[in-house]
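Containing TSV, C-alpha atoms: my_file.tsv.
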chain	number	residue	atom	x	y	z
H	1467	MET	CA	0.00	0.00	0.00
H	1468	ASN	CA	1.21	3.48	-0.76
H	1469	GLY	CA	2.64	5.12	2.35
H	1470	TYR	CA	0.65	8.29	1.89
H	1471	LEU	CA	-2.61	6.35	1.51
H	1472	GLY	CA	-1.85	4.29	4.61
H	1473	LEU	CA	-1.07	7.45	6.56
H	1474	PHE	CA	-4.27	9.11	5.36
H	1475	LEU	CA	-6.36	6.12	6.43
H	1476	SER	CA	-4.67	5.84	9.82
H	1477	ALA	CA	-5.06	9.58	10.46
H	1478	PHE	CA	-8.69	9.44	9.37
H	1479	LEU	CA	-9.49	6.50	11.66
H	1480	ALA	CA	-7.59	8.10	14.54
H	1481	ALA	CA	-9.88	11.13	14.37
H	1482	THR	CA	-13.12	9.18	14.45
H	1483	LEU	CA	-14.66	7.79	17.60
H	1484	LEU	CA	-12.81	4.52	16.91
H	1485	PRO	CA	-9.69	3.94	19.03
H	1486	PHE	CA	-6.73	4.28	16.69
H	1487	SER	CA	-3.40	6.12	16.54
H	1488	SER	CA	-1.60	7.59	13.56
H	1489	GLU	CA	1.54	9.05	15.13
H	1490	ALA	CA	3.52	5.81	14.85
H	1491	VAL	CA	2.64	5.51	11.15
H	1492	LEU	CA	3.71	9.11	10.60
H	1493	ALA	CA	6.97	8.63	12.48
H	1494	GLY	CA	7.75	5.41	10.63
H	1495	LEU	CA	7.18	6.97	7.21
H	1496	LEU	CA	9.31	10.00	8.06
H	1497	SER	CA	12.11	7.76	9.35
H	1498	ALA	CA	12.03	5.76	6.11
H	1499	ASP	CA	13.42	8.82	4.27
H	1500	ARG	CA	11.29	8.09	1.20
H	1501	TYR	CA	8.59	10.67	1.79
H	1502	SER	CA	8.46	14.43	1.90
H	1503	MET	CA	8.03	15.78	5.42
H	1504	TRP	CA	5.58	18.40	4.15
H	1505	GLY	CA	3.70	15.79	2.13
H	1506	LEU	CA	3.36	13.61	5.21
H	1507	TRP	CA	2.20	16.59	7.25
H	1508	ALA	CA	-0.42	17.55	4.64
H	1509	VAL	CA	-1.76	14.01	4.25
H	1510	ALA	CA	-1.93	13.34	8.01
H	1511	THR	CA	-3.56	16.71	8.67
H	1512	ALA	CA	-6.09	16.22	5.88
H	1513	GLY	CA	-7.00	12.68	6.98
H	1514	ASN	CA	-7.33	13.63	10.63
H	1515	THR	CA	-9.37	16.73	9.85
H	1516	LEU	CA	-11.68	14.75	7.58
H	1517	GLY	CA	-12.19	12.18	10.34
H	1518	ALA	CA	-13.14	14.98	12.73
H	1519	ILE	CA	-15.60	16.26	10.13
H	1520	VAL	CA	-17.21	12.82	10.12
H	1521	ASN	CA	-17.61	13.15	13.90
H	1522	TRP	CA	-19.20	16.58	13.44
H	1523	VAL	CA	-21.66	15.20	10.87
H	1524	LEU	CA	-22.52	12.25	13.14
H	1525	GLY	CA	-23.03	14.60	16.05
H	1526	ARG	CA	-25.12	16.95	13.94
H	1527	TRP	CA	-27.52	14.22	12.88
H	1528	CYS	CA	-27.44	11.82	15.83
H	1529	LEU	CA	-29.91	13.76	17.92
H	1530	HIS	CA	-32.66	12.52	15.64
H	1531	TRP	CA	-32.30	9.20	17.46
H	1532	GLN	CA	-31.58	10.40	21.00
H	1533	HIS	CA	-34.74	8.81	22.38
H	1534	SER	CA	-33.94	5.39	20.92
H	1535	LYS	CA	-32.85	2.64	23.31
H	1536	TRP	CA	-29.64	2.03	21.37
H	1537	PHE	CA	-28.55	5.70	21.42
H	1538	PRO	CA	-25.00	5.65	22.87
H	1539	PHE	CA	-25.23	8.86	24.95
H	1540	LYS	CA	-27.38	9.55	27.95
H	1541	GLU	CA	-29.08	12.89	28.57
H	1542	GLY	CA	-26.43	13.66	31.21
H	1543	ASP	CA	-23.64	13.14	28.67
H	1544	LEU	CA	-25.25	15.64	26.33
H	1545	ASP	CA	-25.71	18.10	29.19
H	1546	LYS	CA	-22.01	17.79	30.12
H	1547	ALA	CA	-20.97	18.55	26.55
H	1548	ASP	CA	-23.32	21.52	26.44
H	1549	LYS	CA	-21.84	22.90	29.69
H	1550	TRP	CA	-18.30	22.35	28.38
H	1551	PHE	CA	-19.05	24.40	25.29
H	1552	ALA	CA	-20.91	27.03	27.33
H	1553	LYS	CA	-17.81	27.45	29.50
H	1554	TRP	CA	-15.03	27.17	26.91
H	1555	GLY	CA	-16.85	27.92	23.67
H	1556	VAL	CA	-15.71	26.89	20.25
H	1557	TRP	CA	-12.11	27.52	21.31
H	1558	SER	CA	-12.22	24.12	23.00
H	1559	LEU	CA	-11.95	22.72	19.46
H	1560	LEU	CA	-8.28	23.69	19.62
H	1561	LEU	CA	-8.02	20.70	21.98
H	1562	SER	CA	-9.38	18.35	19.32
H	1563	TRP	CA	-5.87	16.92	18.91
H	1564	VAL	CA	-5.78	15.63	22.51
H	1565	PRO	CA	-6.18	11.85	22.81
H	1566	ILE	CA	-9.38	10.61	24.50
H	1567	ILE	CA	-11.11	14.02	24.76
H	1568	GLY	CA	-10.53	15.35	21.23
H	1569	ASP	CA	-12.89	13.05	19.36
H	1570	PRO	CA	-15.84	13.59	21.71
H	1571	ILE	CA	-15.29	17.36	21.45
H	1572	THR	CA	-15.64	17.20	17.67
H	1573	PHE	CA	-18.73	15.02	18.02
H	1574	ALA	CA	-20.26	17.42	20.54
H	1575	ALA	CA	-19.56	20.34	18.22
H	1576	GLY	CA	-21.86	18.72	15.70
H	1577	PHE	CA	-24.83	18.23	17.98
H	1578	LEU	CA	-24.31	21.69	19.46
H	1579	ARG	CA	-24.45	23.04	15.90
H	1580	VAL	CA	-21.07	24.78	15.84
H	1581	HIS	CA	-20.72	26.58	12.50
H	1582	PHE	CA	-19.10	24.15	10.06
H	1583	GLY	CA	-16.59	26.64	8.63
H	1584	LEU	CA	-15.34	27.74	12.05
H	1585	PHE	CA	-15.28	24.13	13.21
H	1586	THR	CA	-13.17	23.08	10.23
H	1587	LEU	CA	-10.72	25.98	10.63
H	1588	LEU	CA	-10.13	25.39	14.35
H	1589	VAL	CA	-9.80	21.63	13.94
H	1590	LEU	CA	-7.41	22.09	10.99
H	1591	ILE	CA	-5.21	24.36	13.12
H	1592	ALA	CA	-5.25	21.92	16.05
H	1593	LYS	CA	-4.62	18.77	14.01
H	1594	GLY	CA	-1.99	20.41	11.80
H	1595	GLY	CA	-0.20	21.77	14.85
H	1596	ARG	CA	-0.08	18.39	16.52
H	1597	TYR	CA	1.37	16.69	13.44
H	1598	MET	CA	3.92	19.47	13.08
H	1599	VAL	CA	5.12	18.80	16.62
H	1600	VAL	CA	5.26	15.05	15.99
H	1601	LEU	CA	7.29	15.59	12.80
H	1602	ALA	CA	9.65	18.01	14.53
H	1603	VAL	CA	10.31	15.56	17.37
H	1604	VAL	CA	10.86	12.61	15.03
H	1605	ASN	CA	13.09	14.72	12.77
H	1606	GLN	CA	15.13	15.84	15.80
H	1607	PHE	CA	15.83	12.28	16.92
H	1608	SER	CA	16.38	10.57	13.58
As a first step, turn the structure in this file into structure tokens.
Amino acid sequence: MNGYLGLFLSAFLAATLLPFSSEAVLAGLLSADRYSMWGLWAVATAGNTLGAIVNWVLGRWCLHWQHSKWFPFKEGDLDKADKWFAKWGVWSLLLSWVPIIGDPITFAAGFLRVHFGLFTLLVLIAKGGRYMVVLAVVNQFS
């Protein structure tokens, strides 16, 4: 499989609600010295941002089923997310890169109807920044 495609897929999956990590894939490809650092950054950032957009879309439309028995979030979970956004606002999306809390933040942004353009910009900044740090660290030690 093409390295860039594999990186895109791993970054995409890492940004969804599925447990996955893309940093090791990114580090391995950079260490292989066959790929452009900026190309890797762009592909990882694009894949991770697109995965976060999927979370936003799921969050945006999931409330249609909130009264179903199978709905994965309880009313209290939705209230917590609402309070988080009331306290920190859309700027909390700059934490979308953080493991464990980042994916639920992007999901919550969807059901709280955060403007899609602002959502995308903030998530792009956060995800791109994280991958830049990862690349800088790997580049420093390789």
Nearest-residue call for H:Thr1586, choices H:Ile1519, H:Leu1473, H:Ala1490, H:Leu1483, using all atoms listed in the file: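 Once distances to H:Thr1586 are computed over all atoms listed in the file, the minimum belongs to H:Ile1519.
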Counting only C-alpha atoms, write as a VMD selection string all protein and nucleic acid residues lying at most 10 Å from (-11.5, 9.4, 13.3) in the file's frame. chain H and resid 1475 to 1487 1513 to 1521 1568 to 1569 1572
Å distance separating atom CA of H:Leu1496 from atom CA of H:Tyr1470, one decimal place: 10.8 Å
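Take atom CA of H:Val1589 and atom CA of H:His1530: the distance between them is 24.7 Å.
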Do you have the atom CA of H:Trp1531-atom CA of H:Leu1587 distance handy?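 Computing it gives 28.2 Å between the two atoms.
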